[in-house]
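This is start-v7.txt (compact mmCIF, N, CA and C atoms).
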```txt
# COMPACT_ATOMS: atom_id res chain seq x y z
N MET A 12 -120.20 29.37 182.16
CA MET A 12 -119.87 30.03 183.40
C MET A 12 -119.32 31.42 183.07
N ILE A 13 -119.88 32.44 183.71
CA ILE A 13 -119.46 33.81 183.38
C ILE A 13 -118.33 34.31 184.27
N THR A 14 -117.89 33.51 185.21
CA THR A 14 -116.73 33.91 186.01
C THR A 14 -115.52 33.99 185.08
N GLY A 15 -114.81 35.10 185.13
CA GLY A 15 -113.64 35.28 184.27
C GLY A 15 -113.97 35.95 182.94
N ILE A 16 -115.23 36.31 182.72
CA ILE A 16 -115.62 37.05 181.52
C ILE A 16 -115.69 38.53 181.91
N LEU A 17 -115.01 39.36 181.13
CA LEU A 17 -114.85 40.77 181.48
C LEU A 17 -115.38 41.70 180.40
N SER A 18 -115.80 42.87 180.85
CA SER A 18 -116.12 43.97 179.96
C SER A 18 -115.09 45.06 180.26
N ILE A 19 -114.52 45.63 179.21
CA ILE A 19 -113.48 46.66 179.38
C ILE A 19 -114.00 47.95 178.78
N SER A 20 -114.09 48.97 179.62
CA SER A 20 -114.60 50.27 179.19
C SER A 20 -113.77 50.83 178.03
N GLY A 21 -114.46 51.27 177.00
CA GLY A 21 -113.78 51.85 175.85
C GLY A 21 -113.37 50.84 174.80
N ARG A 22 -113.60 49.57 175.06
CA ARG A 22 -113.26 48.51 174.09
C ARG A 22 -114.52 47.70 173.80
N PRO A 23 -114.77 47.43 172.54
CA PRO A 23 -115.98 46.67 172.21
C PRO A 23 -115.84 45.20 172.57
N GLY A 24 -116.97 44.55 172.83
CA GLY A 24 -116.98 43.12 173.04
C GLY A 24 -116.74 42.71 174.48
N LEU A 25 -116.59 41.42 174.65
CA LEU A 25 -116.30 40.82 175.95
C LEU A 25 -114.97 40.09 175.87
N TYR A 26 -114.35 39.90 177.02
CA TYR A 26 -113.02 39.31 177.08
C TYR A 26 -112.97 38.23 178.15
N LYS A 27 -112.18 37.23 177.89
CA LYS A 27 -111.95 36.16 178.85
C LYS A 27 -110.61 36.42 179.53
N LEU A 28 -110.60 36.35 180.85
CA LEU A 28 -109.36 36.54 181.60
C LEU A 28 -108.46 35.33 181.40
N ILE A 29 -107.25 35.58 180.93
CA ILE A 29 -106.28 34.51 180.71
C ILE A 29 -105.29 34.46 181.87
N GLN A 30 -104.77 35.62 182.25
CA GLN A 30 -103.76 35.67 183.31
C GLN A 30 -103.76 37.05 183.94
N SER A 31 -103.58 37.08 185.25
CA SER A 31 -103.42 38.36 185.92
C SER A 31 -102.01 38.46 186.45
N GLY A 32 -101.44 39.61 186.24
CA GLY A 32 -100.07 39.83 186.69
C GLY A 32 -99.98 41.10 187.48
N ARG A 33 -98.79 41.53 187.71
CA ARG A 33 -98.55 42.77 188.43
C ARG A 33 -98.90 43.96 187.57
N GLY A 34 -99.98 44.62 187.92
CA GLY A 34 -100.34 45.84 187.22
C GLY A 34 -101.02 45.66 185.88
N SER A 35 -101.23 44.43 185.45
CA SER A 35 -101.93 44.24 184.18
C SER A 35 -102.60 42.87 184.13
N LEU A 36 -103.48 42.75 183.17
CA LEU A 36 -104.17 41.49 182.92
C LEU A 36 -103.90 41.10 181.47
N ILE A 37 -103.92 39.83 181.20
CA ILE A 37 -103.89 39.34 179.83
C ILE A 37 -105.28 38.79 179.57
N VAL A 38 -105.94 39.32 178.53
CA VAL A 38 -107.29 38.90 178.20
C VAL A 38 -107.34 38.43 176.75
N GLU A 39 -108.37 37.66 176.47
CA GLU A 39 -108.60 37.16 175.12
C GLU A 39 -110.00 37.59 174.70
N GLN A 40 -110.10 38.25 173.56
CA GLN A 40 -111.39 38.71 173.09
C GLN A 40 -112.24 37.52 172.65
N LEU A 41 -113.49 37.47 173.16
CA LEU A 41 -114.39 36.41 172.76
C LEU A 41 -114.69 36.56 171.28
N GLY A 42 -114.69 35.48 170.58
CA GLY A 42 -115.00 35.51 169.16
C GLY A 42 -113.77 35.53 168.28
N THR A 43 -112.84 36.44 168.56
CA THR A 43 -111.65 36.54 167.72
C THR A 43 -110.47 35.76 168.27
N GLY A 44 -110.42 35.59 169.60
CA GLY A 44 -109.31 34.89 170.22
C GLY A 44 -108.06 35.75 170.33
N LYS A 45 -108.16 37.02 169.95
CA LYS A 45 -107.02 37.93 170.02
C LYS A 45 -106.69 38.24 171.48
N ARG A 46 -105.42 38.07 171.84
CA ARG A 46 -104.98 38.35 173.21
C ARG A 46 -104.35 39.73 173.29
N LEU A 47 -104.59 40.40 174.42
CA LEU A 47 -104.01 41.72 174.61
C LEU A 47 -103.86 42.02 176.09
N PRO A 48 -102.95 42.91 176.42
CA PRO A 48 -102.79 43.30 177.83
C PRO A 48 -103.78 44.42 178.19
N VAL A 49 -104.19 44.41 179.44
CA VAL A 49 -105.06 45.46 179.97
C VAL A 49 -104.34 46.06 181.16
N GLN A 50 -104.18 47.36 181.15
CA GLN A 50 -103.44 48.05 182.20
C GLN A 50 -104.35 48.43 183.37
N GLN A 51 -103.75 48.84 184.47
CA GLN A 51 -104.50 49.23 185.67
C GLN A 51 -105.42 50.41 185.41
N ARG A 52 -105.06 51.27 184.51
CA ARG A 52 -105.87 52.47 184.27
C ARG A 52 -107.17 52.16 183.53
N ASP A 53 -107.24 50.99 182.89
CA ASP A 53 -108.45 50.60 182.17
C ASP A 53 -109.52 50.15 183.17
N ARG A 54 -110.75 50.54 182.90
CA ARG A 54 -111.86 50.15 183.78
C ARG A 54 -112.36 48.78 183.33
N VAL A 55 -112.18 47.78 184.20
CA VAL A 55 -112.54 46.41 183.89
C VAL A 55 -113.65 45.97 184.84
N ILE A 56 -114.70 45.36 184.27
CA ILE A 56 -115.82 44.88 185.06
C ILE A 56 -116.01 43.40 184.78
N SER A 57 -116.05 42.60 185.82
CA SER A 57 -116.34 41.17 185.69
C SER A 57 -117.85 41.00 185.60
N LEU A 58 -118.33 40.21 184.64
CA LEU A 58 -119.76 40.00 184.51
C LEU A 58 -120.36 39.36 185.76
N SER A 59 -119.55 38.62 186.49
CA SER A 59 -120.06 38.00 187.72
C SER A 59 -120.32 39.03 188.82
N ASP A 60 -119.85 40.26 188.65
CA ASP A 60 -120.08 41.33 189.62
C ASP A 60 -121.25 42.23 189.25
N VAL A 61 -121.87 42.00 188.10
CA VAL A 61 -122.94 42.86 187.60
C VAL A 61 -124.28 42.32 188.07
N ALA A 62 -125.20 43.24 188.40
CA ALA A 62 -126.56 42.87 188.79
C ALA A 62 -127.54 43.83 188.13
N MET A 63 -128.77 43.40 188.00
CA MET A 63 -129.82 44.23 187.41
C MET A 63 -130.75 44.72 188.51
N TYR A 64 -131.17 45.97 188.39
CA TYR A 64 -132.11 46.54 189.36
C TYR A 64 -133.49 45.92 189.17
N THR A 65 -134.12 45.57 190.29
CA THR A 65 -135.52 45.12 190.26
C THR A 65 -136.28 45.92 191.31
N GLU A 66 -137.57 45.66 191.41
CA GLU A 66 -138.38 46.34 192.43
C GLU A 66 -138.01 45.85 193.82
N GLY A 67 -137.42 44.65 193.92
CA GLY A 67 -136.96 44.12 195.20
C GLY A 67 -135.45 44.15 195.25
N ASP A 68 -134.85 43.00 195.53
CA ASP A 68 -133.39 42.87 195.56
C ASP A 68 -132.84 42.85 194.15
N ASP A 69 -131.61 43.33 193.99
CA ASP A 69 -130.94 43.27 192.69
C ASP A 69 -130.70 41.80 192.33
N VAL A 70 -130.79 41.50 191.04
CA VAL A 70 -130.65 40.12 190.56
C VAL A 70 -129.30 39.99 189.85
N PRO A 71 -128.48 39.00 190.24
CA PRO A 71 -127.18 38.81 189.59
C PRO A 71 -127.34 38.57 188.08
N LEU A 72 -126.39 39.06 187.33
CA LEU A 72 -126.44 38.94 185.87
C LEU A 72 -126.52 37.48 185.44
N SER A 73 -125.90 36.59 186.17
CA SER A 73 -125.93 35.17 185.80
C SER A 73 -127.37 34.66 185.75
N ARG A 74 -128.19 35.06 186.71
CA ARG A 74 -129.60 34.64 186.73
C ARG A 74 -130.38 35.30 185.59
N VAL A 75 -130.08 36.55 185.32
CA VAL A 75 -130.76 37.26 184.22
C VAL A 75 -130.41 36.59 182.89
N LEU A 76 -129.14 36.27 182.68
CA LEU A 76 -128.72 35.62 181.44
C LEU A 76 -129.35 34.23 181.31
N ASP A 77 -129.46 33.52 182.41
CA ASP A 77 -130.09 32.20 182.38
C ASP A 77 -131.56 32.32 181.99
N SER A 78 -132.25 33.29 182.56
CA SER A 78 -133.65 33.53 182.22
C SER A 78 -133.78 33.96 180.76
N LEU A 79 -132.87 34.81 180.31
CA LEU A 79 -132.86 35.26 178.92
C LEU A 79 -132.67 34.09 177.97
N SER A 80 -131.80 33.18 178.34
CA SER A 80 -131.55 32.01 177.52
C SER A 80 -132.81 31.15 177.38
N LYS A 81 -133.57 31.03 178.46
CA LYS A 81 -134.81 30.27 178.42
C LYS A 81 -135.84 30.96 177.53
N VAL A 82 -135.98 32.28 177.67
CA VAL A 82 -136.95 33.03 176.87
C VAL A 82 -136.56 32.99 175.39
N ALA A 83 -135.27 33.13 175.11
CA ALA A 83 -134.78 33.14 173.72
C ALA A 83 -134.53 31.74 173.18
N GLU A 84 -134.81 30.72 173.99
CA GLU A 84 -134.63 29.32 173.62
C GLU A 84 -133.19 29.02 173.21
N GLY A 85 -132.24 29.67 173.90
CA GLY A 85 -130.82 29.41 173.66
C GLY A 85 -130.27 30.01 172.38
N LYS A 86 -131.06 30.80 171.69
CA LYS A 86 -130.63 31.41 170.43
C LYS A 86 -130.28 32.88 170.65
N GLU A 87 -129.54 33.44 169.68
CA GLU A 87 -129.23 34.86 169.75
C GLU A 87 -130.50 35.68 169.56
N VAL A 88 -130.51 36.89 170.11
CA VAL A 88 -131.64 37.79 170.01
C VAL A 88 -131.30 38.88 168.99
N ASP A 89 -132.18 39.08 168.02
CA ASP A 89 -131.97 40.12 167.01
C ASP A 89 -132.40 41.47 167.59
N ILE A 90 -131.44 42.21 168.12
CA ILE A 90 -131.71 43.47 168.80
C ILE A 90 -132.20 44.54 167.82
N LYS A 91 -131.66 44.52 166.62
CA LYS A 91 -131.95 45.58 165.65
C LYS A 91 -133.41 45.63 165.23
N THR A 92 -134.12 44.50 165.31
CA THR A 92 -135.51 44.48 164.88
C THR A 92 -136.47 44.93 165.97
N LEU A 93 -136.00 45.06 167.19
CA LEU A 93 -136.87 45.43 168.31
C LEU A 93 -136.92 46.95 168.49
N GLU A 94 -138.12 47.49 168.45
CA GLU A 94 -138.32 48.91 168.76
C GLU A 94 -138.18 49.09 170.27
N ASP A 95 -138.12 50.35 170.72
CA ASP A 95 -137.91 50.62 172.14
C ASP A 95 -138.98 49.97 173.02
N GLY A 96 -140.26 50.11 172.66
CA GLY A 96 -141.34 49.52 173.44
C GLY A 96 -141.28 48.01 173.44
N ASP A 97 -140.98 47.44 172.27
CA ASP A 97 -140.86 45.98 172.15
C ASP A 97 -139.69 45.46 172.98
N LEU A 98 -138.63 46.25 173.04
CA LEU A 98 -137.45 45.87 173.81
C LEU A 98 -137.79 45.76 175.29
N ARG A 99 -138.51 46.75 175.81
CA ARG A 99 -138.93 46.71 177.22
C ARG A 99 -139.89 45.55 177.47
N ASP A 100 -140.82 45.31 176.54
CA ASP A 100 -141.76 44.19 176.68
C ASP A 100 -141.01 42.86 176.69
N PHE A 101 -140.05 42.72 175.78
CA PHE A 101 -139.25 41.49 175.72
C PHE A 101 -138.49 41.29 177.02
N PHE A 102 -137.85 42.35 177.51
CA PHE A 102 -137.10 42.24 178.75
C PHE A 102 -138.01 41.97 179.93
N GLY A 103 -139.26 42.43 179.85
CA GLY A 103 -140.24 42.13 180.90
C GLY A 103 -140.52 40.64 181.00
N LYS A 104 -140.39 39.91 179.90
CA LYS A 104 -140.55 38.45 179.92
C LYS A 104 -139.34 37.79 180.60
N VAL A 105 -138.18 38.41 180.42
CA VAL A 105 -136.94 37.88 181.00
C VAL A 105 -136.88 38.14 182.50
N LEU A 106 -137.17 39.37 182.88
CA LEU A 106 -137.09 39.79 184.29
C LEU A 106 -138.33 40.64 184.58
N PRO A 107 -139.46 39.98 184.93
CA PRO A 107 -140.73 40.69 185.06
C PRO A 107 -140.73 41.87 186.02
N ASP A 108 -139.98 41.79 187.10
CA ASP A 108 -140.02 42.87 188.09
C ASP A 108 -138.84 43.83 187.99
N PHE A 109 -138.24 43.96 186.76
CA PHE A 109 -137.11 44.89 186.65
C PHE A 109 -137.59 46.32 186.90
N ASP A 110 -136.72 47.12 187.46
CA ASP A 110 -137.04 48.51 187.81
C ASP A 110 -137.04 49.36 186.54
N ARG A 111 -138.22 49.72 186.10
CA ARG A 111 -138.38 50.46 184.84
C ARG A 111 -137.85 51.89 184.91
N GLU A 112 -137.62 52.39 186.13
CA GLU A 112 -137.04 53.72 186.30
C GLU A 112 -135.51 53.71 186.16
N ARG A 113 -134.88 52.69 186.74
CA ARG A 113 -133.42 52.66 186.79
C ARG A 113 -132.76 51.83 185.70
N VAL A 114 -133.50 50.92 185.07
CA VAL A 114 -132.94 50.12 183.98
C VAL A 114 -133.30 50.82 182.68
N HIS A 115 -132.30 51.39 182.03
CA HIS A 115 -132.51 52.15 180.80
C HIS A 115 -132.46 51.24 179.57
N LEU A 116 -132.97 51.76 178.47
CA LEU A 116 -132.93 50.99 177.22
C LEU A 116 -131.50 50.63 176.84
N SER A 117 -130.57 51.54 177.09
CA SER A 117 -129.16 51.26 176.77
C SER A 117 -128.64 50.09 177.60
N ASP A 118 -129.12 49.95 178.85
CA ASP A 118 -128.72 48.82 179.70
C ASP A 118 -129.25 47.50 179.11
N ILE A 119 -130.49 47.53 178.65
CA ILE A 119 -131.10 46.34 178.07
C ILE A 119 -130.38 45.96 176.79
N ARG A 120 -130.08 46.95 175.95
CA ARG A 120 -129.35 46.68 174.70
C ARG A 120 -127.96 46.08 175.00
N LYS A 121 -127.27 46.64 175.99
CA LYS A 121 -125.95 46.14 176.37
C LYS A 121 -126.05 44.69 176.84
N LEU A 122 -127.04 44.40 177.69
CA LEU A 122 -127.24 43.05 178.18
C LEU A 122 -127.49 42.08 177.03
N LEU A 123 -128.36 42.46 176.10
CA LEU A 123 -128.67 41.59 174.96
C LEU A 123 -127.45 41.40 174.06
N SER A 124 -126.65 42.45 173.88
CA SER A 124 -125.45 42.29 173.06
C SER A 124 -124.44 41.38 173.76
N TRP A 125 -124.30 41.50 175.08
CA TRP A 125 -123.43 40.59 175.83
C TRP A 125 -123.92 39.16 175.69
N TYR A 126 -125.23 38.97 175.83
CA TYR A 126 -125.81 37.62 175.69
C TYR A 126 -125.48 37.05 174.31
N ASN A 127 -125.66 37.84 173.27
CA ASN A 127 -125.36 37.38 171.91
C ASN A 127 -123.89 37.01 171.74
N LEU A 128 -123.00 37.81 172.32
CA LEU A 128 -121.56 37.52 172.25
C LEU A 128 -121.23 36.21 172.97
N LEU A 129 -121.84 36.00 174.12
CA LEU A 129 -121.60 34.77 174.88
C LEU A 129 -122.11 33.55 174.11
N ILE A 130 -123.30 33.65 173.56
CA ILE A 130 -123.87 32.54 172.78
C ILE A 130 -122.99 32.25 171.56
N ALA A 131 -122.57 33.30 170.86
CA ALA A 131 -121.72 33.12 169.67
C ALA A 131 -120.39 32.47 170.04
N ALA A 132 -119.90 32.73 171.26
CA ALA A 132 -118.63 32.13 171.71
C ALA A 132 -118.83 30.73 172.28
N GLY A 133 -120.07 30.25 172.28
CA GLY A 133 -120.33 28.91 172.77
C GLY A 133 -120.51 28.81 174.28
N ILE A 134 -120.66 29.95 174.94
CA ILE A 134 -120.86 29.95 176.39
C ILE A 134 -122.36 29.95 176.64
N THR A 135 -122.86 28.83 177.14
CA THR A 135 -124.30 28.72 177.40
C THR A 135 -124.59 28.43 178.87
N ASP A 136 -123.56 28.18 179.66
CA ASP A 136 -123.72 27.99 181.10
C ASP A 136 -123.44 29.33 181.75
N PHE A 137 -124.49 29.97 182.22
CA PHE A 137 -124.36 31.32 182.76
C PHE A 137 -124.24 31.35 184.28
N SER A 138 -124.02 30.19 184.88
CA SER A 138 -123.91 30.15 186.33
C SER A 138 -122.64 30.86 186.77
N ASP A 139 -122.69 31.31 188.00
CA ASP A 139 -121.54 31.97 188.62
C ASP A 139 -121.08 31.05 189.73
N SER A 140 -119.82 30.65 189.73
CA SER A 140 -119.35 29.63 190.68
C SER A 140 -119.59 30.04 192.13
N GLU A 141 -119.39 31.31 192.49
CA GLU A 141 -119.62 31.75 193.86
C GLU A 141 -121.10 31.64 194.19
N GLU A 142 -121.95 32.02 193.25
CA GLU A 142 -123.39 31.95 193.46
C GLU A 142 -123.82 30.49 193.65
N ASP A 143 -123.27 29.59 192.84
CA ASP A 143 -123.59 28.19 192.95
C ASP A 143 -123.18 27.63 194.30
N GLU A 144 -122.03 28.07 194.81
CA GLU A 144 -121.57 27.61 196.13
C GLU A 144 -122.54 28.07 197.21
N GLU A 145 -123.03 29.33 197.11
CA GLU A 145 -123.97 29.84 198.10
C GLU A 145 -125.27 29.06 198.06
N VAL A 146 -125.78 28.76 196.87
CA VAL A 146 -127.01 28.00 196.73
C VAL A 146 -126.84 26.61 197.32
N ALA A 147 -125.68 25.98 197.06
CA ALA A 147 -125.40 24.64 197.59
C ALA A 147 -125.33 24.68 199.12
N GLU A 148 -124.71 25.73 199.68
CA GLU A 148 -124.62 25.86 201.13
C GLU A 148 -126.00 26.04 201.74
N ASP A 149 -126.84 26.87 201.10
CA ASP A 149 -128.20 27.10 201.61
C ASP A 149 -129.01 25.80 201.57
N ALA A 150 -128.84 25.02 200.53
CA ALA A 150 -129.55 23.76 200.40
C ALA A 150 -129.10 22.75 201.46
N ALA A 151 -127.81 22.79 201.81
CA ALA A 151 -127.26 21.85 202.80
C ALA A 151 -127.77 22.17 204.20
N GLU A 152 -128.11 23.43 204.48
CA GLU A 152 -128.58 23.82 205.81
C GLU A 152 -129.98 23.45 205.97
```
Rewrite the coordinates I just gave you, this time as structure tokens.
Amino acid sequence: MITGILSISGRPGLYKLIQSGRGSLIVEQLGTGKRLPVQQRDRVISLSDVAMYTEGDDVPLSRVLDSLSKVAEGKEVDIKTLEDGDLRDFFGKVLPDFDRERVHLSDIRKLLSWYNLLIAAGITDFSDSEEDEEVAEDAAE
């Protein structure tokens, strides 16, 4: 589940939200387990709030990561061996209708590095709890 997984601008890696307090957050770096405070001035992005541009509606990151996991068969992706054209072709298998104008190579590389960090940390359930609730509500209607 990617709810509570954060990216912090200017800091490498991904972080798990441990506690939120007045004016700061306590996070734990995935992989190392090192805990640190994050101040209000730091730009923090929750992975559950990220979406990828497509030719139609934007696709939540949780769905993209789930599709990526299926294409990569649950294994890490070796980003360094992929040339720019191969990278776009590979991502085309993950999200066939991604917007090739607005999704840059750096975005794809960032997504793949996040995926590798999540897999290395043992996170393989990429569902988003809010998204799952919406799907369950739609199914009930």
Requested in this report: Using all atoms listed in the file, find the one residue out of A:Ile37, A:Leu116, A:Leu128, A:Val49 that sits nearest to Val88 in chain A.
Outcome: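 Ranking A:Ile37, A:Leu116, A:Leu128, A:Val49 by distance to Val88 in chain A, first place goes to A:Leu128.
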Report task. Write out as an NGL selection string each polymer residue whose atoms come within 8 Å of Thr135 in chain A, counting all atoms listed in the file; drop sequence neighbours fewer than 2 positions from it. Result -> :A and (12-13 or 76-77 or 80 or 85 or 129-133 or 137-138)
Query raised in the report: Could you name the residues that touch range 21-25 of chain A at 8 Å or less, counting only C-alpha atoms, but leaving out those on the same chain fewer than 3 positions away, as a PyMOL selection string?
Result: chain A and resi 16-18+40-41+125+128
**Report entry** Option closest in space to Ile90 in chain A, from A:Asp110, A:Ser124, A:Arg74, A:Gln50 [counting all atoms listed in the file]
**Finding:**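 Looking at the shortest contact to Ile90 in chain A, the residue is A:Ser124.
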Report summary line: Min atom-atom distance to Ile119 in chain A from the set A:Glu84, A:Asp97, A:Asp136, A:Asp60, counting only C-alpha atoms, belongs to A:Asp97
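DSSP annotation of chain A from backbone atoms: strand (DSSP E) residues are Ile16, Leu17, Ser18, Ile19, Tyr26, Lys27, Leu28, Ile29, Gln30, Ser31, Ser35, Leu36, Ile37, Val38, Glu39, Gln40, Arg46, Leu47, Pro48, Val49, Gln50, Val55, Ile56, Ser57, Ala62, Met63, Val70 and Pro71 of chain A.
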Report task. Please indicate the distance in Å from CA of Ser78 in chain A to CA of Leu106 in chain A, rounded to one decimal place. Result -> 7.4 Å
